[in-house]
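Dropping run.json in here (JSON, C-alpha atoms):
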```json
[["chain", "number", "residue", "atom", "x", "y", "z"],
["A", 1, "THR", "CA", -13.81, 4.93, 0.72],
["A", 2, "ALA", "CA", -12.39, 1.41, 0.81],
["A", 3, "ASN", "CA", -15.00, -1.34, 0.51],
["A", 4, "GLY", "CA", -17.57, 1.34, 1.32],
["A", 5, "GLN", "CA", -15.89, 2.45, 4.55],
["A", 6, "PRO", "CA", -15.00, 6.16, 5.01],
["A", 7, "MET", "CA", -11.77, 7.91, 5.92],
["A", 8, "GLY", "CA", -10.43, 6.93, 9.33],
["A", 9, "SER", "CA", -11.98, 3.47, 9.16],
["A", 10, "VAL", "CA", -10.17, 0.19, 9.55],
["A", 11, "VAL", "CA", -11.40, -2.45, 7.14],
["A", 12, "LYS", "CA", -10.59, -5.94, 8.41],
["A", 13, "ALA", "CA", -10.02, -8.73, 5.90],
["A", 14, "ALA", "CA", -8.70, -12.27, 5.96],
["A", 15, "GLY", "CA", -5.38, -12.73, 4.20],
["A", 16, "GLY", "CA", -4.36, -15.55, 1.95],
["A", 17, "ALA", "CA", -4.86, -14.92, -1.74],
["A", 18, "PRO", "CA", -4.67, -11.30, -2.79],
["A", 19, "VAL", "CA", -7.59, -9.40, -1.28],
["A", 20, "ARG", "CA", -9.59, -7.13, -3.58],
["A", 21, "VAL", "CA", -10.32, -3.63, -2.28],
["A", 22, "ARG", "CA", -12.88, -1.37, -3.97],
["A", 23, "LEU", "CA", -11.82, 2.26, -3.71],
["A", 24, "GLY", "CA", -14.19, 5.15, -4.27],
["A", 25, "VAL", "CA", -13.27, 8.82, -4.44],
["A", 26, "GLU", "CA", -15.71, 11.71, -4.70],
["A", 27, "VAL", "CA", -14.42, 15.20, -5.33],
["A", 28, "HIS", "CA", -16.61, 18.23, -4.67],
["A", 29, "SER", "CA", -14.83, 21.52, -5.27],
["A", 30, "GLN", "CA", -15.69, 25.16, -5.56],
["A", 31, "MET", "CA", -12.35, 25.74, -7.31],
["A", 32, "PRO", "CA", -11.24, 24.04, -10.52],
["A", 33, "VAL", "CA", -9.35, 20.80, -9.92],
["A", 34, "GLU", "CA", -7.02, 19.38, -12.51],
["A", 35, "THR", "CA", -5.59, 16.11, -11.21],
["A", 36, "LEU", "CA", -6.72, 13.32, -8.89],
["A", 37, "GLU", "CA", -4.20, 10.91, -7.39],
["A", 38, "VAL", "CA", -5.07, 7.67, -5.62],
["A", 39, "ILE", "CA", -2.46, 6.82, -3.00],
["A", 40, "GLN", "CA", -1.51, 3.51, -1.40],
["A", 41, "ASN", "CA", 0.97, 3.52, 1.48],
["A", 42, "GLY", "CA", 2.27, 6.92, 0.41],
["A", 43, "GLN", "CA", 2.78, 6.02, -3.26],
["A", 44, "VAL", "CA", 0.63, 7.25, -6.13],
["A", 45, "ILE", "CA", -1.02, 4.20, -7.72],
["A", 46, "GLU", "CA", -3.16, 6.14, -10.16],
["A", 47, "ARG", "CA", -3.16, 9.68, -11.54],
["A", 48, "ARG", "CA", -6.17, 10.92, -13.48],
["A", 49, "PRO", "CA", -6.72, 14.24, -15.19],
["A", 50, "LEU", "CA", -10.07, 15.75, -14.29],
["A", 51, "LEU", "CA", -12.37, 17.80, -16.48],
["A", 52, "THR", "CA", -11.75, 21.47, -15.79],
["A", 53, "GLY", "CA", -14.84, 23.43, -14.87],
["A", 54, "VAL", "CA", -16.64, 20.37, -13.47],
["A", 55, "GLU", "CA", -17.22, 20.73, -9.74],
["A", 56, "GLN", "CA", -17.93, 17.07, -8.94],
["A", 57, "HIS", "CA", -15.98, 13.97, -9.88],
["A", 58, "ARG", "CA", -16.39, 10.30, -8.96],
["A", 59, "VAL", "CA", -13.66, 7.75, -9.48],
["A", 60, "GLU", "CA", -13.77, 4.05, -8.64],
["A", 61, "LYS", "CA", -10.86, 1.66, -8.73],
["A", 62, "GLU", "CA", -10.29, -1.89, -7.59],
["A", 63, "VAL", "CA", -6.90, -3.00, -6.30],
["A", 64, "ALA", "CA", -5.50, -6.29, -5.03],
["A", 65, "ILE", "CA", -3.35, -6.32, -1.90],
["A", 66, "ASP", "CA", -1.39, -9.09, -0.23],
["A", 67, "LYS", "CA", -0.49, -7.15, 2.94],
["A", 68, "SER", "CA", -2.12, -4.45, 5.04],
["A", 69, "ALA", "CA", -2.31, -1.04, 3.40],
["A", 70, "TRP", "CA", -3.70, 2.45, 3.70],
["A", 71, "PHE", "CA", -5.39, 4.41, 0.94],
["A", 72, "ALA", "CA", -6.07, 8.11, 0.41],
["A", 73, "ALA", "CA", -6.73, 10.57, -2.39],
["A", 74, "ARG", "CA", -5.18, 13.89, -3.34],
["A", 75, "VAL", "CA", -6.35, 16.55, -5.78],
["A", 76, "THR", "CA", -4.42, 19.42, -7.32],
["A", 77, "GLY", "CA", -6.13, 22.44, -8.75],
["A", 78, "LEU", "CA", -5.13, 25.17, -11.12],
["A", 79, "THR", "CA", -3.15, 28.21, -10.10],
["A", 80, "ALA", "CA", -5.70, 30.95, -9.64],
["A", 81, "ARG", "CA", -5.92, 34.60, -8.79],
["A", 82, "GLY", "CA", -5.41, 35.07, -5.07],
["A", 83, "LEU", "CA", -3.21, 31.95, -4.85],
["A", 84, "PRO", "CA", 0.20, 33.45, -5.58],
["A", 85, "TYR", "CA", 2.70, 30.61, -5.52],
["A", 86, "GLU", "CA", 1.22, 27.16, -5.64],
["A", 87, "PRO", "CA", -1.89, 25.58, -7.06],
["A", 88, "PRO", "CA", -4.44, 24.56, -4.41],
["A", 89, "ARG", "CA", -4.22, 21.01, -3.13],
["A", 90, "ALA", "CA", -6.34, 18.81, -0.90],
["A", 91, "HIS", "CA", -5.57, 15.43, 0.66],
["A", 92, "THR", "CA", -8.00, 13.05, 2.31],
["A", 93, "GLY", "CA", -7.46, 11.14, 5.49],
["A", 94, "ALA", "CA", -6.60, 7.48, 5.11],
["A", 95, "VAL", "CA", -8.71, 4.35, 5.11],
["A", 96, "TYR", "CA", -6.78, 1.40, 6.54],
["A", 97, "VAL", "CA", -7.14, -2.20, 5.38],
["A", 98, "HIS", "CA", -5.76, -4.72, 7.88],
["A", 99, "LEU", "CA", -5.17, -8.25, 6.64],
["A", 100, "ASP", "CA", -5.28, -10.95, 9.29],
["A", 101, "GLY", "CA", -5.43, -8.31, 12.03],
["A", 102, "ARG", "CA", -2.02, -6.88, 11.14],
["A", 103, "PRO", "CA", -1.72, -3.09, 11.03],
["A", 104, "VAL", "CA", -0.02, -1.32, 8.14],
["A", 105, "LEU", "CA", 3.75, -1.20, 8.20],
["A", 106, "VAL", "CA", 5.61, 0.70, 5.52],
["A", 107, "ARG", "CA", 9.14, -0.60, 6.11],
["A", 108, "GLU", "CA", 10.81, 2.45, 4.58],
["A", 109, "ASP", "CA", 8.89, 4.75, 6.92],
["A", 110, "ALA", "CA", 9.86, 2.77, 10.04],
["A", 111, "GLU", "CA", 13.51, 2.69, 8.89],
["A", 112, "LEU", "CA", 13.36, 6.44, 8.29],
["A", 113, "MET", "CA", 12.09, 7.01, 11.83],
["A", 114, "VAL", "CA", 14.98, 5.01, 13.31],
["A", 115, "ARG", "CA", 17.48, 7.05, 11.27],
["A", 116, "TRP", "CA", 15.71, 10.31, 12.10],
["A", 117, "LEU", "CA", 15.70, 9.59, 15.84],
["A", 118, "GLY", "CA", 19.43, 8.80, 15.66],
["A", 119, "ALA", "CA", 20.20, 11.99, 13.73],
["A", 120, "LEU", "CA", 18.09, 14.13, 16.04],
["A", 121, "TRP", "CA", 19.79, 12.66, 19.10],
["A", 122, "ALA", "CA", 23.21, 13.36, 17.58],
["A", 123, "TYR", "CA", 22.13, 16.97, 16.98],
["A", 124, "LEU", "CA", 20.93, 17.33, 20.57],
["A", 125, "GLU", "CA", 24.18, 15.85, 21.85],
["A", 126, "GLU", "CA", 26.16, 18.29, 19.72],
["A", 127, "ARG", "CA", 24.24, 21.25, 21.15],
["A", 128, "ASP", "CA", 24.44, 19.83, 24.70],
["A", 129, "ASN", "CA", 21.50, 21.97, 25.72],
["A", 130, "PHE", "CA", 19.77, 19.56, 28.11],
["A", 131, "GLY", "CA", 20.20, 21.55, 31.31],
["A", 132, "PRO", "CA", 20.54, 19.45, 34.48],
["A", 133, "ALA", "CA", 21.75, 15.85, 34.04],
["A", 134, "PRO", "CA", 18.33, 14.27, 34.77],
["A", 135, "ASN", "CA", 16.89, 16.09, 31.72],
["A", 136, "ARG", "CA", 19.40, 14.38, 29.43],
["A", 137, "GLU", "CA", 18.67, 10.99, 30.99],
["A", 138, "ARG", "CA", 14.90, 11.41, 30.57],
["A", 139, "ALA", "CA", 15.34, 12.55, 26.96],
["A", 140, "ARG", "CA", 17.63, 9.60, 26.22],
["A", 141, "ALA", "CA", 15.05, 7.21, 27.66],
["A", 142, "VAL", "CA", 12.33, 8.66, 25.41],
["A", 143, "PHE", "CA", 14.55, 8.38, 22.32],
["A", 144, "ASP", "CA", 15.52, 4.82, 23.24],
["A", 145, "GLN", "CA", 11.85, 3.93, 23.71],
["A", 146, "GLY", "CA", 10.98, 5.34, 20.27],
["A", 147, "THR", "CA", 13.88, 3.59, 18.57],
["A", 148, "ALA", "CA", 13.00, 0.29, 20.27],
["A", 149, "TYR", "CA", 9.38, 0.63, 19.13],
["A", 150, "TYR", "CA", 10.33, 1.01, 15.46],
["A", 151, "ASN", "CA", 13.01, -1.68, 15.63],
["A", 152, "LYS", "CA", 10.44, -4.08, 17.14],
["A", 153, "LEU", "CA", 8.04, -3.37, 14.26],
["A", 154, "LEU", "CA", 10.81, -4.01, 11.75],
["A", 155, "ALA", "CA", 11.90, -7.25, 13.44],
["A", 156, "ALA", "CA", 8.35, -8.60, 13.50],
["A", 157, "ARG", "CA", 7.93, -8.34, 9.72]]
```
If you convert what's in this file into structure tokens, what do you get?
Amino acid sequence: TANGQPMGSVVKAAGGAPVRVRLGVEVHSQMPVETLEVIQNGQVIERRPLLTGVEQHRVEKEVAIDKSAWFAARVTGLTARGLPYEPPRAHTGAVYVHLDGRPVLVREDAELMVRWLGALWAYLEERDNFGPAPNRERARAVFDQGTAYYNKLLAAR
């Protein structure tokens, strides 16, 4: 939760001075969990070891933000019989905190999308597998629309 609001919620706050956000994470697991990570905009802001053998955990944390952000939690368990390659993991949905009505923008993510759209278009051009000419034109229009969307977000911030 963020300020008591559950995953998928948008918490609206006035900007200005840094805004304090109270985060709460509850873990209920039938399998042993080893680590809890609190995530802000895709980056781990806290990593806590959890007591093995305990099926429920509660963690609270307060953070200060000066721009809109999203928060989530992730747990990693122990490798166990029946799980051959990787330890079990779980990730929550996000809670969004919008300051002054502005949605979250992670600049690196928007820049990545612009680069990815360009690289994907170059790959499609190389393969030249569009079929009739109108297909290529429609595809180009969709790619241009996506690129323009992300460039507009980047220009506004």
So the first atom is atom CA of Met31 of chain A and the second is atom CA of Val75 of chain A; what is the distance between them in Å, to one decimal place?
11.1 Å
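Within the 12 Å cut-off around Asn41 of chain A, using only C-alpha atoms and omitting residues fewer than 6 positions from it on the same chain, the listed residues are Ile65, Lys67, Ser68, Ala69, Trp70, Phe71, Ala72, Ala73, Ala94, Val95, Tyr96, Val97, Pro103, Val104, Leu105, Val106, Arg107, Glu108 and Asp109 of chain A.
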For Gly101 of chain A, please output as a list in words all residues within 8 Å (counting all atoms listed in the file; exclusion window: fewer than 2 positions along the same chain).
Lys12, Ala13, Ala14, His98, Leu99 and Pro103 of chain A
Between atom CA of Arg127 of chain A and atom CA of Met113 of chain A, what is the spacing in Å?
20.9 Å
Shortest contact to Ala122 of chain A, candidates A:Pro6, A:Arg102, A:Glu55, A:Phe143, atoms counted only C-alpha atoms, goes to A:Phe143
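Residues lying within 10 Å of Thr76 of chain A, counting only C-alpha atoms and ignoring same-chain neighbours fewer than 3 positions away, are A:Pro32, A:Val33, A:Glu34, A:Thr35, A:Leu36, A:Glu37, A:Pro49, A:Leu50, A:Thr79, A:Glu86, A:Pro87, A:Pro88, A:Arg89, A:Ala90, A:His91.
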In the coordinate frame of the file, compute which residues have an atom within 8 Å of (-11.4, 8.7, -2.2) when using only C-alpha atoms, and state them as a ChimeraX atom specification.
/A:1-2,23-27,38,59,72-73,92
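Using only C-alpha atoms, the set of residues no farther than 12 Å from the position (16.8, 6.2, 12.6) comprises Glu108, Asp109, Ala110, Glu111, Leu112, Met113, Val114, Arg115, Trp116, Leu117, Gly118, Ala119, Leu120, Trp121, Ala122, Phe143, Asp144, Gly146, Thr147, Ala148, Tyr149, Tyr150, Asn151 and Leu154 of chain A.
Between atom CA of Pro18 of chain A and atom CA of His57 of chain A the interatomic distance comes to 28.6 Å.
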Compile the contact shell of Val21 of chain A as a PDB file with C-alpha atoms, in the frame of the given file: residues with an atom at most 6 Å away, counting only C-alpha atoms, same-chain residues fewer than 3 positions apart removed.
```pdb
ATOM      1  CA  ASN A   3     -15.000  -1.340   0.510  1.00  0.00           C
ATOM      2  CA  GLU A  62     -10.290  -1.890  -7.590  1.00  0.00           C
ATOM      3  CA  VAL A  63      -6.900  -3.000  -6.300  1.00  0.00           C
TER       4      VAL A  63
END
```
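Between Arg74 of chain A and the candidates A:Gln30, A:Gln56, A:Gln40, A:Asn135, the tightest atom-to-atom separation, counting all atoms listed in the file, involves A:Gln40.
Distance check against Val11 of chain A using all atoms listed in the file: of A:Pro132, A:Val142, A:Glu137, A:Asp100, the minimum falls on A:Asp100.
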